[in-house]
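Here is final_9.tsv, consisting of TSV, C-alpha atoms:
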```
chain	number	residue	atom	x	y	z
A	432	MET	CA	-13.79	-10.30	49.27
A	433	VAL	CA	-10.50	-10.67	51.13
A	434	ILE	CA	-10.10	-9.42	54.73
A	435	MET	CA	-6.70	-7.83	55.34
A	436	ASN	CA	-5.83	-5.92	58.54
A	437	GLY	CA	-9.47	-5.86	59.46
A	438	MET	CA	-10.46	-4.29	56.13
A	439	GLU	CA	-12.39	-5.87	53.34
A	440	ILE	CA	-10.57	-5.68	50.03
A	441	GLU	CA	-12.24	-6.69	46.81
A	442	GLN	CA	-10.29	-9.41	45.10
A	443	PRO	CA	-9.56	-8.62	41.46
A	444	SER	CA	-11.36	-10.88	39.07
A	445	SER	CA	-9.14	-13.30	37.22
A	446	MET	CA	-8.65	-12.68	33.53
A	447	SER	CA	-8.83	-15.47	31.04
A	448	PRO	CA	-6.64	-15.49	27.92
A	449	GLU	CA	-9.67	-14.45	25.88
A	450	ASP	CA	-9.81	-11.16	27.85
A	451	ILE	CA	-6.29	-10.08	26.86
A	452	GLU	CA	-6.30	-8.01	23.72
A	453	PRO	CA	-3.83	-9.32	21.13
A	454	GLY	CA	-1.46	-6.53	20.15
A	455	ARG	CA	-1.60	-7.59	16.52
A	456	LEU	CA	-5.13	-6.19	16.25
A	457	ARG	CA	-3.89	-2.64	16.71
A	458	VAL	CA	-0.70	-3.19	14.70
A	459	PHE	CA	-2.44	-4.63	11.66
A	460	GLY	CA	-5.31	-2.17	12.00
A	461	VAL	CA	-2.97	0.80	11.77
A	462	CYS	CA	-0.88	-0.82	9.01
A	463	HIS	CA	-4.02	-1.61	7.01
A	464	ILE	CA	-5.15	2.01	7.21
A	465	VAL	CA	-1.72	3.38	6.27
A	466	PHE	CA	-1.25	0.98	3.36
A	467	GLY	CA	-4.83	1.51	2.23
A	468	GLY	CA	-4.40	5.27	2.22
A	469	LEU	CA	-1.14	5.03	0.31
A	470	GLY	CA	-2.71	2.61	-2.15
A	471	LEU	CA	-5.63	4.93	-2.86
A	472	MET	CA	-3.24	7.85	-3.29
A	473	ASN	CA	-1.31	5.76	-5.80
A	474	VAL	CA	-4.55	4.97	-7.64
A	475	ALA	CA	-5.45	8.66	-7.78
A	476	GLY	CA	-1.98	9.43	-9.13
A	477	GLY	CA	-2.31	6.70	-11.75
A	478	ILE	CA	-5.65	8.04	-12.94
A	479	ALA	CA	-4.27	11.58	-13.12
A	480	MET	CA	-1.25	10.37	-15.09
A	481	GLN	CA	-3.46	8.56	-17.59
A	482	PHE	CA	-5.46	11.69	-18.36
A	483	LEU	CA	-2.31	13.81	-18.40
A	484	GLN	CA	-0.72	11.38	-20.82
A	485	GLU	CA	-3.68	11.78	-23.17
A	486	ARG	CA	-3.20	15.55	-23.15
A	487	LEU	CA	0.51	15.17	-23.79
A	488	TRP	CA	-0.17	12.88	-26.75
A	489	THR	CA	-2.57	15.39	-28.25
A	490	GLY	CA	-0.15	18.28	-27.80
A	491	ALA	CA	2.81	16.29	-29.10
A	492	ARG	CA	1.01	15.26	-32.28
A	493	SER	CA	0.31	18.88	-33.16
A	494	SER	CA	3.93	19.94	-32.62
A	495	GLY	CA	5.51	16.92	-34.28
A	496	LEU	CA	7.37	13.98	-32.77
A	497	ASP	CA	10.76	12.46	-33.27
A	498	GLU	CA	11.07	8.70	-33.65
A	499	VAL	CA	11.97	8.01	-30.01
A	500	GLN	CA	9.01	10.00	-28.70
A	501	GLU	CA	6.71	8.22	-31.11
A	502	ILE	CA	7.97	4.84	-29.87
A	503	GLN	CA	7.40	5.91	-26.27
A	504	ASN	CA	3.88	7.10	-27.01
A	505	GLU	CA	3.08	3.89	-28.84
A	506	MET	CA	4.32	1.91	-25.85
A	507	TYR	CA	2.06	3.90	-23.49
A	508	ARG	CA	-0.90	3.36	-25.81
A	509	ASP	CA	-0.22	-0.38	-25.97
A	510	LEU	CA	-0.03	-0.50	-22.18
A	511	ALA	CA	-3.17	1.58	-21.59
A	512	ALA	CA	-5.50	-1.39	-21.03
A	513	TYR	CA	-2.98	-3.06	-18.71
A	514	THR	CA	-2.57	0.18	-16.78
A	515	TRP	CA	-6.32	0.66	-16.32
A	516	ILE	CA	-6.69	-2.92	-15.11
A	517	THR	CA	-3.93	-2.28	-12.58
A	518	ILE	CA	-5.62	0.92	-11.44
A	519	ALA	CA	-9.01	-0.78	-11.07
A	520	THR	CA	-7.64	-3.68	-9.04
A	521	GLY	CA	-5.61	-1.27	-6.93
A	522	LEU	CA	-8.76	0.71	-6.16
A	523	ILE	CA	-10.66	-2.42	-5.11
A	524	VAL	CA	-7.86	-3.70	-2.89
A	525	GLY	CA	-7.30	-0.22	-1.43
A	526	VAL	CA	-10.92	0.10	-0.37
A	527	LEU	CA	-10.94	-3.42	1.09
A	528	ILE	CA	-7.79	-2.95	3.16
A	529	LEU	CA	-8.92	0.46	4.41
A	530	ARG	CA	-12.28	-0.93	5.46
A	531	ALA	CA	-10.60	-3.86	7.22
A	532	GLY	CA	-8.16	-1.54	8.99
A	533	ILE	CA	-10.95	0.62	10.38
A	534	ALA	CA	-12.80	-2.48	11.59
A	535	LEU	CA	-9.64	-3.81	13.27
A	536	THR	CA	-8.96	-0.57	15.13
A	537	LYS	CA	-12.58	-0.55	16.35
A	538	ARG	CA	-12.32	-4.22	17.44
A	539	ARG	CA	-15.34	-5.29	15.43
A	540	GLN	CA	-16.24	-8.96	15.27
A	541	SER	CA	-16.26	-8.75	11.48
A	542	SER	CA	-12.74	-7.31	11.33
A	543	VAL	CA	-10.95	-10.64	10.74
A	544	ARG	CA	-13.42	-11.59	8.03
A	545	LEU	CA	-12.91	-8.21	6.34
A	546	SER	CA	-9.14	-8.55	6.63
A	547	ASN	CA	-9.30	-12.04	5.14
A	548	THR	CA	-11.34	-10.67	2.25
A	549	TYR	CA	-8.68	-8.04	1.65
A	550	ALA	CA	-5.81	-10.52	1.93
A	551	LEU	CA	-7.32	-13.08	-0.43
A	552	SER	CA	-8.32	-10.37	-2.92
A	553	SER	CA	-4.83	-8.90	-2.75
A	554	ILE	CA	-3.18	-12.27	-3.35
A	555	ILE	CA	-5.47	-13.05	-6.30
A	556	THR	CA	-4.95	-9.63	-7.91
A	557	LYS	CA	-1.19	-9.93	-7.46
A	558	VAL	CA	-1.13	-13.34	-9.14
A	559	VAL	CA	-3.25	-12.01	-12.01
A	560	GLY	CA	-1.10	-8.88	-12.11
A	561	ILE	CA	2.20	-10.72	-12.46
A	562	LEU	CA	0.75	-12.92	-15.20
A	563	LEU	CA	-0.46	-9.86	-17.10
A	564	PHE	CA	2.90	-8.19	-16.56
A	565	LEU	CA	4.81	-11.16	-17.94
A	566	MET	CA	2.47	-11.81	-20.87
A	567	VAL	CA	1.40	-8.27	-21.80
A	568	ALA	CA	3.57	-5.53	-20.33
A	569	MET	CA	7.00	-7.14	-20.51
A	570	PRO	CA	6.98	-7.84	-24.27
A	571	VAL	CA	5.71	-4.32	-25.01
A	572	ILE	CA	8.35	-2.66	-22.83
A	573	GLY	CA	11.10	-4.87	-24.21
A	574	GLU	CA	10.16	-4.13	-27.81
A	575	ALA	CA	9.93	-0.40	-27.13
A	576	VAL	CA	13.34	-0.23	-25.47
A	577	THR	CA	14.90	-2.27	-28.26
A	578	ALA	CA	13.31	0.01	-30.87
A	579	MET	CA	14.53	3.14	-29.09
A	580	LEU	CA	18.06	1.75	-28.91
A	581	ALA	CA	17.87	0.89	-32.60
A	582	GLU	CA	17.09	4.55	-33.36
A	583	SER	CA	20.32	5.57	-31.66
A	584	SER	CA	23.43	5.81	-33.78
A	585	ALA	CA	25.50	4.15	-31.06
A	586	PRO	CA	25.87	0.36	-31.12
A	587	ALA	CA	23.44	-1.53	-28.91
A	588	PRO	CA	24.94	-2.49	-25.54
A	589	ALA	CA	25.51	-6.15	-24.73
A	590	TRP	CA	22.76	-6.26	-22.10
A	591	VAL	CA	20.00	-5.66	-24.64
A	592	GLY	CA	19.81	-9.37	-25.41
A	593	GLY	CA	18.87	-10.15	-21.81
A	594	LEU	CA	16.59	-7.17	-21.34
A	595	GLN	CA	13.34	-9.10	-21.13
A	596	ILE	CA	14.88	-11.56	-18.68
A	597	PHE	CA	15.95	-8.63	-16.50
A	598	ILE	CA	12.49	-7.02	-16.68
A	599	GLY	CA	10.87	-10.35	-15.82
A	600	ALA	CA	13.22	-10.84	-12.86
A	601	ILE	CA	12.38	-7.39	-11.49
A	602	GLY	CA	8.67	-8.14	-11.86
A	603	GLY	CA	9.05	-11.51	-10.14
A	604	ILE	CA	10.97	-10.04	-7.20
A	605	SER	CA	8.40	-7.26	-6.81
A	606	PHE	CA	5.63	-9.87	-6.86
A	607	LEU	CA	7.25	-11.94	-4.11
A	608	LEU	CA	7.86	-8.90	-1.90
A	609	SER	CA	4.30	-7.65	-2.37
A	610	MET	CA	2.92	-11.01	-1.20
A	611	ILE	CA	4.55	-10.79	2.24
A	612	TYR	CA	2.10	-8.42	3.92
A	613	PRO	CA	-1.22	-10.01	2.86
A	614	LEU	CA	0.11	-13.46	3.76
A	615	CYS	CA	1.24	-12.21	7.18
A	616	ALA	CA	-2.15	-10.61	7.77
A	617	LEU	CA	-3.92	-13.79	6.72
A	618	ILE	CA	-1.84	-15.96	9.06
A	619	MET	CA	-1.46	-13.68	12.09
A	620	LEU	CA	-5.04	-12.46	12.33
A	621	ASN	CA	-6.54	-15.95	12.13
A	622	LYS	CA	-4.85	-17.17	15.29
A	623	PRO	CA	-7.27	-18.62	17.88
A	624	GLN	CA	-6.52	-15.92	20.47
A	625	VAL	CA	-7.55	-13.20	18.05
A	626	ARG	CA	-10.83	-14.85	17.16
A	627	GLN	CA	-11.58	-15.67	20.80
A	628	TYR	CA	-10.93	-12.10	21.91
A	629	LEU	CA	-13.15	-10.63	19.20
A	630	ALA	CA	-15.87	-13.17	19.93
A	631	ARG	CA	-16.01	-11.97	23.54
A	632	HIS	CA	-15.18	-8.28	23.22
A	633	GLY	CA	-15.77	-7.39	19.58
A	634	GLY	CA	-18.25	-4.68	18.83
```
Target encoding structure tokens, full file:
Amino acid sequence: MVIMNGMEIEQPSSMSPEDIEPGRLRVFGVCHIVFGGLGLMNVAGGIAMQFLQERLWTGARSSGLDEVQEIQNEMYRDLAAYTWITIATGLIVGVLILRAGIALTKRRQSSVRLSNTYALSSIITKVVGILLFLMVAMPVIGEAVTAMLAESSAPAPAWVGGLQIFIGAIGGISFLLSMIYPLCALIMLNKPQVRQYLARHGG
């Protein structure tokens, strides 16, 4: 109590750094939920496209195909296993990030652990994904594009020789960009002030 002008005024209790909520909890919580929702929507779209592609193949076979369409369909068939692996890993990571985002917004003590699980899983799946892309998808796509150009009566453009290098470069750049968010989440949410706040105030 503090006496001021003859009146007793309650002195506000001092706040320690552990009592101040780090803003990154809310920021990453919302971002996790948004990215998780978008990821699951992408997974749903991928599944729908796979089944739609099967129907298109069946209908196209009955009506007859030209050479280019046949090459495209063969490429999709060759990439089917790769696509399903991508969908499955996307589903797992999407569920993990969504779960972590909900925990972060509710300030649960387990939220950092759940976010770390998402981040590490995301990094691992991205590393596996780029390896599969380079070893499985890239050769199939390159061969299909080369075959389709060969079916054309026009001479092949000069860039065809470097097509696989270009595809690999695009895949590598996409891989590096996709690693930014999980790495940021892994680093920023494991700061001492975040863990201390959740240890004292986490639900």
Please provide the set of residues having any atom within 9 Å of Pro613 of chain A, restricted to all atoms listed in the file, with same-chain residues fewer than 2 positions apart removed, written as a PDB file with C-alpha atoms, in the frame of the given file.
```
ATOM      1  CA  SER A 546      -9.140  -8.550   6.630  1.00  0.00           C
ATOM      2  CA  ASN A 547      -9.300 -12.040   5.140  1.00  0.00           C
ATOM      3  CA  TYR A 549      -8.680  -8.040   1.650  1.00  0.00           C
ATOM      4  CA  ALA A 550      -5.810 -10.520   1.930  1.00  0.00           C
ATOM      5  CA  LEU A 551      -7.320 -13.080  -0.430  1.00  0.00           C
ATOM      6  CA  SER A 553      -4.830  -8.900  -2.750  1.00  0.00           C
ATOM      7  CA  ILE A 554      -3.180 -12.270  -3.350  1.00  0.00           C
ATOM      8  CA  SER A 609       4.300  -7.650  -2.370  1.00  0.00           C
ATOM      9  CA  MET A 610       2.920 -11.010  -1.200  1.00  0.00           C
ATOM     10  CA  ILE A 611       4.550 -10.790   2.240  1.00  0.00           C
ATOM     11  CA  CYS A 615       1.240 -12.210   7.180  1.00  0.00           C
ATOM     12  CA  ALA A 616      -2.150 -10.610   7.770  1.00  0.00           C
ATOM     13  CA  LEU A 617      -3.920 -13.790   6.720  1.00  0.00           C
ATOM     14  CA  ILE A 618      -1.840 -15.960   9.060  1.00  0.00           C
TER      15      ILE A 618
END
```
| request: For Leu562 of chain A, work out the shell of residues within 12 Å, counting only C-alpha atoms and skipping chain neighbours fewer than 6 positions away, then give it as a VMD selection string. | output: chain A and resid 513 517 555 to 556 568 to 569 599 602 to 603 606
| request: Rank nothing, just name the residue among A:Ala519, A:Arg631, A:Tyr507, A:Val558 nearest to Leu483 of chain A, using only C-alpha atoms. | output: A:Tyr507
| query | How many Å separate atom CA of Leu529 of chain A from atom CA of Ile464 of chain A? | reply |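 Here the two named atoms are 4.9 Å from each other.
Pairwise distance (atom CA of Ser552 of chain A, atom CA of Thr514 of chain A) equals 18.3 Å.
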| request: Please measure the separation of atom CA of Lys622 of chain A and atom CA of Val559 of chain A, giving the value in Å to one decimal. | output: 27.8 Å
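Using all atoms listed in the file, the nearest neighbour of Gly476 of chain A within the list A:Gly454, A:Gly633, A:Gly593, A:Gly521 is A:Gly521.
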| request: Compile the contact shell of segment 533-535 of chain A as a ChimeraX atom specification: residues with an atom at most 10 Å away, counting only C-alpha atoms, same-chain residues fewer than 6 positions apart removed. | output: /A:455-461,463-464,541-546,620,629,633-634
| said: Report as a list of chain:residue names all protein, DNA and RNA residues lying within 12 Å of Met480 of chain A, evaluated on only C-alpha atoms, omitting residues in the same chain fewer than 5 positions from it. | reply: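 Once the nearby chain positions are removed, what remains is A:Asn473, A:Val474, A:Ala475, A:Glu485, A:Arg486, A:Leu487, A:Trp488, A:Tyr507, A:Ala511, A:Thr514, A:Trp515, A:Ile518.
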| request: Compare A:Val499, A:Thr548, A:Thr536, A:Ile598 by their minimum atom-to-atom distance to Pro453 of chain A, counting all atoms listed in the file, and give me the closest one. | output: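 Using all atoms listed in the file, the shortest distance to Pro453 of chain A belongs to A:Thr536.
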| message | Excluding His632 of chain A and its own-chain neighbours fewer than 6 positions away, which residues fall within 12 Å of it when counting only C-alpha atoms? Please give them as a VMD selection string. | response | chain A and resid 449 to 453 537 to 541 624 to 626
| request: May I ask which of the residues A:Met579, A:Ile528, A:Glu574, A:Val567 is the closest one to Gln500 of chain A, counting all atoms listed in the file? | output: A:Met579
